[in-house]
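Raw contents of run31.txt, compact mmCIF, N, CA and C atoms:
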# COMPACT_ATOMS: atom_id res chain seq x y z
N MET A 62 114.79 -19.37 32.24
CA MET A 62 113.85 -19.12 31.16
C MET A 62 112.65 -20.06 31.25
N ILE A 63 112.86 -21.29 31.64
CA ILE A 63 111.76 -22.25 31.80
C ILE A 63 110.86 -21.80 32.96
N ALA A 64 111.44 -21.28 34.01
CA ALA A 64 110.65 -20.82 35.15
C ALA A 64 109.77 -19.64 34.75
N ASP A 65 110.31 -18.74 33.94
CA ASP A 65 109.51 -17.61 33.46
C ASP A 65 108.35 -18.08 32.59
N LEU A 66 108.62 -19.08 31.77
CA LEU A 66 107.58 -19.62 30.90
C LEU A 66 106.49 -20.30 31.72
N GLU A 67 106.88 -21.00 32.79
CA GLU A 67 105.90 -21.65 33.67
C GLU A 67 105.01 -20.62 34.36
N VAL A 68 105.61 -19.53 34.82
CA VAL A 68 104.83 -18.46 35.46
C VAL A 68 103.87 -17.83 34.46
N LEU A 69 104.35 -17.61 33.25
CA LEU A 69 103.52 -17.00 32.21
C LEU A 69 102.34 -17.90 31.87
N VAL A 70 102.58 -19.18 31.65
CA VAL A 70 101.52 -20.11 31.28
C VAL A 70 100.54 -20.29 32.44
N SER A 71 101.04 -20.39 33.67
CA SER A 71 100.12 -20.55 34.80
C SER A 71 99.29 -19.28 35.00
N GLY A 72 99.87 -18.11 34.79
CA GLY A 72 99.12 -16.86 34.90
C GLY A 72 98.02 -16.76 33.87
N ILE A 73 98.34 -17.12 32.63
CA ILE A 73 97.32 -17.11 31.57
C ILE A 73 96.24 -18.14 31.88
N GLY A 74 96.65 -19.29 32.41
CA GLY A 74 95.67 -20.32 32.78
C GLY A 74 94.72 -19.85 33.86
N VAL A 75 95.25 -19.15 34.88
CA VAL A 75 94.39 -18.63 35.94
C VAL A 75 93.42 -17.60 35.39
N VAL A 76 93.90 -16.69 34.55
CA VAL A 76 93.03 -15.66 33.97
C VAL A 76 91.93 -16.31 33.13
N LEU A 77 92.28 -17.28 32.29
CA LEU A 77 91.27 -17.95 31.47
C LEU A 77 90.28 -18.73 32.34
N ALA A 78 90.75 -19.35 33.41
CA ALA A 78 89.85 -20.08 34.29
C ALA A 78 88.85 -19.14 34.96
N VAL A 79 89.31 -17.97 35.39
CA VAL A 79 88.40 -17.00 36.00
C VAL A 79 87.40 -16.48 34.96
N LEU A 80 87.86 -16.25 33.74
CA LEU A 80 86.93 -15.80 32.70
C LEU A 80 85.88 -16.86 32.39
N VAL A 81 86.26 -18.12 32.35
CA VAL A 81 85.29 -19.19 32.11
C VAL A 81 84.31 -19.27 33.27
N LEU A 82 84.79 -19.11 34.49
CA LEU A 82 83.91 -19.11 35.65
C LEU A 82 82.90 -17.96 35.60
N LEU A 83 83.37 -16.76 35.24
CA LEU A 83 82.46 -15.62 35.11
C LEU A 83 81.43 -15.84 34.00
N TRP A 84 81.88 -16.43 32.89
CA TRP A 84 80.96 -16.72 31.79
C TRP A 84 79.89 -17.70 32.24
N ALA A 85 80.29 -18.76 32.96
CA ALA A 85 79.34 -19.77 33.42
C ALA A 85 78.35 -19.18 34.42
N LEU A 86 78.82 -18.32 35.31
CA LEU A 86 77.92 -17.68 36.26
C LEU A 86 76.92 -16.75 35.56
N THR A 87 77.38 -16.05 34.53
CA THR A 87 76.49 -15.17 33.77
C THR A 87 75.42 -15.96 33.05
N VAL A 88 75.80 -17.08 32.44
CA VAL A 88 74.82 -17.93 31.75
C VAL A 88 73.83 -18.50 32.75
N LEU A 89 74.31 -18.93 33.92
CA LEU A 89 73.42 -19.48 34.94
C LEU A 89 72.44 -18.42 35.45
N MET A 90 72.92 -17.21 35.70
CA MET A 90 72.02 -16.15 36.16
C MET A 90 70.99 -15.80 35.10
N GLY A 91 71.38 -15.77 33.83
CA GLY A 91 70.43 -15.51 32.76
C GLY A 91 69.37 -16.59 32.67
N PHE A 92 69.78 -17.85 32.83
CA PHE A 92 68.83 -18.96 32.80
C PHE A 92 67.84 -18.86 33.97
N LEU A 93 68.36 -18.57 35.16
CA LEU A 93 67.49 -18.45 36.33
C LEU A 93 66.53 -17.27 36.19
N TYR A 94 66.99 -16.17 35.61
CA TYR A 94 66.11 -15.01 35.41
C TYR A 94 65.00 -15.32 34.42
N ARG A 95 65.36 -15.99 33.33
CA ARG A 95 64.34 -16.33 32.32
C ARG A 95 63.31 -17.29 32.87
N THR A 96 63.73 -18.27 33.66
CA THR A 96 62.75 -19.23 34.19
C THR A 96 61.91 -18.61 35.30
N ALA A 97 62.46 -17.65 36.04
CA ALA A 97 61.69 -17.02 37.11
C ALA A 97 60.65 -16.05 36.57
N THR A 98 60.92 -15.40 35.46
CA THR A 98 59.99 -14.41 34.92
C THR A 98 59.09 -14.97 33.84
N ARG A 99 59.17 -16.23 33.54
CA ARG A 99 58.35 -16.80 32.48
C ARG A 99 56.95 -17.07 33.00
N ARG A 100 56.00 -16.34 32.47
CA ARG A 100 54.60 -16.50 32.81
C ARG A 100 53.80 -16.46 31.52
N PRO A 101 52.69 -17.17 31.49
CA PRO A 101 51.87 -17.07 30.28
C PRO A 101 51.27 -15.67 30.18
N ARG A 102 51.38 -15.09 29.00
CA ARG A 102 50.86 -13.75 28.78
C ARG A 102 49.67 -13.83 27.84
N ARG A 103 48.67 -13.08 28.18
CA ARG A 103 47.51 -13.01 27.30
C ARG A 103 47.09 -11.56 27.20
N PRO A 104 46.73 -11.12 26.01
CA PRO A 104 46.31 -9.73 25.87
C PRO A 104 44.97 -9.49 26.55
N ALA A 105 44.77 -8.27 26.95
CA ALA A 105 43.51 -7.90 27.60
C ALA A 105 42.37 -7.97 26.58
N PRO A 106 41.20 -8.35 27.02
CA PRO A 106 40.08 -8.41 26.08
C PRO A 106 39.69 -7.02 25.61
N VAL A 107 39.35 -6.94 24.35
CA VAL A 107 38.93 -5.67 23.77
C VAL A 107 37.42 -5.60 23.83
N SER A 108 36.91 -4.56 24.43
CA SER A 108 35.46 -4.44 24.53
C SER A 108 34.88 -4.05 23.17
N GLU A 109 33.73 -4.57 22.89
CA GLU A 109 33.08 -4.34 21.60
C GLU A 109 32.55 -2.92 21.51
N GLY A 110 32.50 -2.39 20.31
CA GLY A 110 31.92 -1.09 20.07
C GLY A 110 32.89 0.08 20.16
N ILE A 111 34.07 -0.14 20.73
CA ILE A 111 35.02 0.97 20.84
C ILE A 111 35.59 1.31 19.47
N GLY A 112 35.70 0.33 18.61
CA GLY A 112 36.28 0.58 17.29
C GLY A 112 35.47 1.56 16.47
N ASP A 113 34.19 1.70 16.75
CA ASP A 113 33.37 2.61 15.98
C ASP A 113 33.49 4.04 16.49
N GLU A 114 33.89 4.23 17.75
CA GLU A 114 34.08 5.57 18.28
C GLU A 114 35.35 6.18 17.70
N LYS A 115 35.30 7.39 17.28
CA LYS A 115 36.46 8.16 16.85
C LYS A 115 37.26 7.50 15.73
N GLY A 116 36.71 6.50 15.09
CA GLY A 116 37.33 5.92 13.91
C GLY A 116 38.56 5.06 14.14
N VAL A 117 38.77 4.50 15.33
CA VAL A 117 39.90 3.61 15.57
C VAL A 117 39.48 2.21 15.17
N PRO A 118 40.17 1.60 14.19
CA PRO A 118 39.79 0.25 13.75
C PRO A 118 40.00 -0.77 14.87
N PRO A 119 39.16 -1.81 14.91
CA PRO A 119 39.29 -2.82 15.96
C PRO A 119 40.63 -3.54 15.95
N HIS A 120 41.22 -3.78 14.77
CA HIS A 120 42.51 -4.48 14.75
C HIS A 120 43.63 -3.61 15.32
N HIS A 121 43.48 -2.30 15.27
CA HIS A 121 44.45 -1.42 15.93
C HIS A 121 44.30 -1.52 17.45
N LEU A 122 43.06 -1.61 17.91
CA LEU A 122 42.83 -1.75 19.35
C LEU A 122 43.41 -3.05 19.87
N VAL A 123 43.30 -4.12 19.09
CA VAL A 123 43.88 -5.40 19.50
C VAL A 123 45.39 -5.29 19.60
N ALA A 124 46.01 -4.63 18.63
CA ALA A 124 47.47 -4.47 18.66
C ALA A 124 47.91 -3.61 19.85
N ILE A 125 47.17 -2.55 20.14
CA ILE A 125 47.50 -1.69 21.28
C ILE A 125 47.33 -2.46 22.58
N ALA A 126 46.25 -3.22 22.71
CA ALA A 126 46.02 -4.01 23.93
C ALA A 126 47.10 -5.07 24.11
N ALA A 127 47.55 -5.69 23.02
CA ALA A 127 48.62 -6.68 23.12
C ALA A 127 49.93 -6.03 23.54
N ALA A 128 50.21 -4.85 23.02
CA ALA A 128 51.44 -4.15 23.40
C ALA A 128 51.42 -3.75 24.87
N VAL A 129 50.27 -3.27 25.34
CA VAL A 129 50.17 -2.88 26.75
C VAL A 129 50.29 -4.11 27.65
N ALA A 130 49.68 -5.24 27.26
CA ALA A 130 49.77 -6.46 28.06
C ALA A 130 51.19 -6.99 28.10
N THR A 131 51.96 -6.77 27.02
CA THR A 131 53.35 -7.22 27.00
C THR A 131 54.21 -6.37 27.92
N VAL A 132 53.95 -5.09 27.97
CA VAL A 132 54.79 -4.18 28.76
C VAL A 132 54.44 -4.23 30.24
N LEU A 133 53.15 -4.24 30.56
CA LEU A 133 52.73 -4.21 31.96
C LEU A 133 52.55 -5.63 32.49
N ASP A 134 52.98 -5.86 33.71
CA ASP A 134 52.83 -7.19 34.32
C ASP A 134 51.73 -7.21 35.37
N ARG A 135 50.77 -6.32 35.24
CA ARG A 135 49.67 -6.28 36.20
C ARG A 135 48.37 -6.07 35.42
N PRO A 136 47.24 -6.31 36.03
CA PRO A 136 45.97 -6.07 35.33
C PRO A 136 45.84 -4.60 34.95
N HIS A 137 45.23 -4.36 33.81
CA HIS A 137 45.13 -2.99 33.31
C HIS A 137 43.84 -2.83 32.51
N ARG A 138 43.50 -1.59 32.27
CA ARG A 138 42.35 -1.27 31.43
C ARG A 138 42.72 -0.05 30.61
N ILE A 139 42.52 -0.15 29.32
CA ILE A 139 42.76 0.98 28.43
C ILE A 139 41.47 1.78 28.39
N ARG A 140 41.54 3.01 28.87
CA ARG A 140 40.33 3.82 28.97
C ARG A 140 40.13 4.75 27.79
N ARG A 141 41.23 5.21 27.20
CA ARG A 141 41.09 6.18 26.13
C ARG A 141 42.29 6.08 25.21
N ILE A 142 42.06 6.19 23.92
CA ILE A 142 43.12 6.25 22.93
C ILE A 142 42.95 7.55 22.18
N VAL A 143 43.99 8.37 22.22
CA VAL A 143 43.92 9.69 21.62
C VAL A 143 44.96 9.78 20.53
N ALA A 144 44.54 10.17 19.34
CA ALA A 144 45.47 10.37 18.24
C ALA A 144 46.07 11.78 18.35
N PRO A 145 47.27 11.97 17.84
CA PRO A 145 47.85 13.32 17.88
C PRO A 145 46.99 14.30 17.11
N THR A 146 46.93 15.53 17.58
CA THR A 146 46.07 16.53 16.95
C THR A 146 46.71 17.13 15.71
N THR A 147 48.03 17.17 15.64
CA THR A 147 48.69 17.75 14.47
C THR A 147 48.99 16.65 13.46
N GLY A 148 48.88 16.99 12.21
CA GLY A 148 49.13 16.02 11.17
C GLY A 148 50.61 15.83 10.87
N ARG A 149 51.41 16.80 11.19
CA ARG A 149 52.84 16.73 10.87
C ARG A 149 53.66 16.96 12.13
N SER A 150 54.80 16.30 12.15
CA SER A 150 55.66 16.44 13.32
C SER A 150 56.49 17.72 13.22
N GLY A 151 56.99 18.15 14.34
CA GLY A 151 57.84 19.33 14.38
C GLY A 151 59.13 19.13 13.62
N TRP A 152 59.65 17.90 13.59
CA TRP A 152 60.88 17.62 12.86
C TRP A 152 60.69 17.86 11.36
N ALA A 153 59.58 17.38 10.83
CA ALA A 153 59.33 17.56 9.40
C ALA A 153 59.13 19.03 9.07
N ARG A 154 58.38 19.74 9.90
CA ARG A 154 58.16 21.16 9.68
C ARG A 154 59.48 21.93 9.75
N ASP A 155 60.31 21.61 10.72
CA ASP A 155 61.59 22.29 10.87
C ASP A 155 62.50 22.01 9.68
N GLY A 156 62.44 20.79 9.16
CA GLY A 156 63.25 20.46 8.00
C GLY A 156 62.83 21.22 6.74
N ARG A 157 61.56 21.54 6.64
CA ARG A 157 61.10 22.31 5.48
C ARG A 157 61.45 23.78 5.60
N VAL A 158 61.55 24.29 6.82
CA VAL A 158 61.80 25.71 7.02
C VAL A 158 63.30 26.02 7.04
N THR A 159 64.09 25.14 7.64
CA THR A 159 65.52 25.40 7.82
C THR A 159 66.22 25.32 6.46
N PRO A 160 67.00 26.33 6.09
CA PRO A 160 67.71 26.29 4.81
C PRO A 160 68.86 25.30 4.85
N TRP A 161 69.18 24.76 3.70
CA TRP A 161 70.29 23.81 3.60
C TRP A 161 71.61 24.59 3.64
N PRO A 162 72.66 23.97 4.13
CA PRO A 162 73.95 24.67 4.20
C PRO A 162 74.49 25.01 2.81
N MET A 163 75.23 26.06 2.73
CA MET A 163 75.90 26.53 1.51
C MET A 163 74.92 26.83 0.39
N GLY A 164 73.70 27.15 0.71
CA GLY A 164 72.74 27.59 -0.31
C GLY A 164 72.31 26.51 -1.26
N GLY A 165 72.52 25.26 -0.94
CA GLY A 165 72.13 24.15 -1.84
C GLY A 165 70.63 23.98 -1.87
N ARG A 166 70.15 23.42 -2.95
CA ARG A 166 68.73 23.14 -3.08
C ARG A 166 68.51 21.65 -3.03
N ARG A 167 67.31 21.29 -2.59
CA ARG A 167 66.97 19.86 -2.55
C ARG A 167 66.51 19.41 -3.88

Do you think you could lay out the structure here as structure tokens?
Amino acid sequence: MIADLEVLVSGIGVVLAVLVLLWALTVLMGFLYRTATRRPRRPAPVSEGIGDEKGVPPHHLVAIAAAVATVLDRPHRIRRIVAPTTGRSGWARDGRVTPWPMGGRR
């Protein structure tokens, strides 16, 4: 019975040691990835006068430029910003047309 207990404890010890090793390697790889990809990010400059075209406010252009600079890791230029032509989405329209189950009303 003591021999069985020794095998059980040593087996659990080996499994826990391997799990700790995997955890440490995962943390190390995450640290190395974060330090390798850390670069100073700056949003692209917004050219003046675009905010007056087509009614896009300048602070919206700054937010869009910052989002594009965050996603792309290369130089870029925003050439055109187009708003959707329809005022309502297809989901909303479909929800108004589709009847509710069992004849219920909203």

Taking all listed atoms of region 122-134 of chain A, build the axis-aligned box, pad each of the six sides by 3 Å, then write its centre and edge lengths in Å to one decimal as lines of an AutoDock Vina configuration file.
center_x = 48.8
center_y = -4.4
center_z = 26.6
size_x = 18.0
size_y = 11.6
size_z = 23.5

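With atom C of Leu82 (chain A) on one side and atom N of Tyr94 (chain A) on the other, the separation reads 16.0 Å.
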
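The spacing separating atom C of Arg95 (chain A) from atom C of Pro136 (chain A) amounts to 21.7 Å.
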
For this session: Extract, using only C-alpha atoms, all DNA, RNA and protein residues at most 10 Å from Val129 (chain A), discarding same-chain residues fewer than 3 positions from it, and format them as a PyMOL selection string.
Result: chain A and resi 104-105+123-126+132-134+137-139
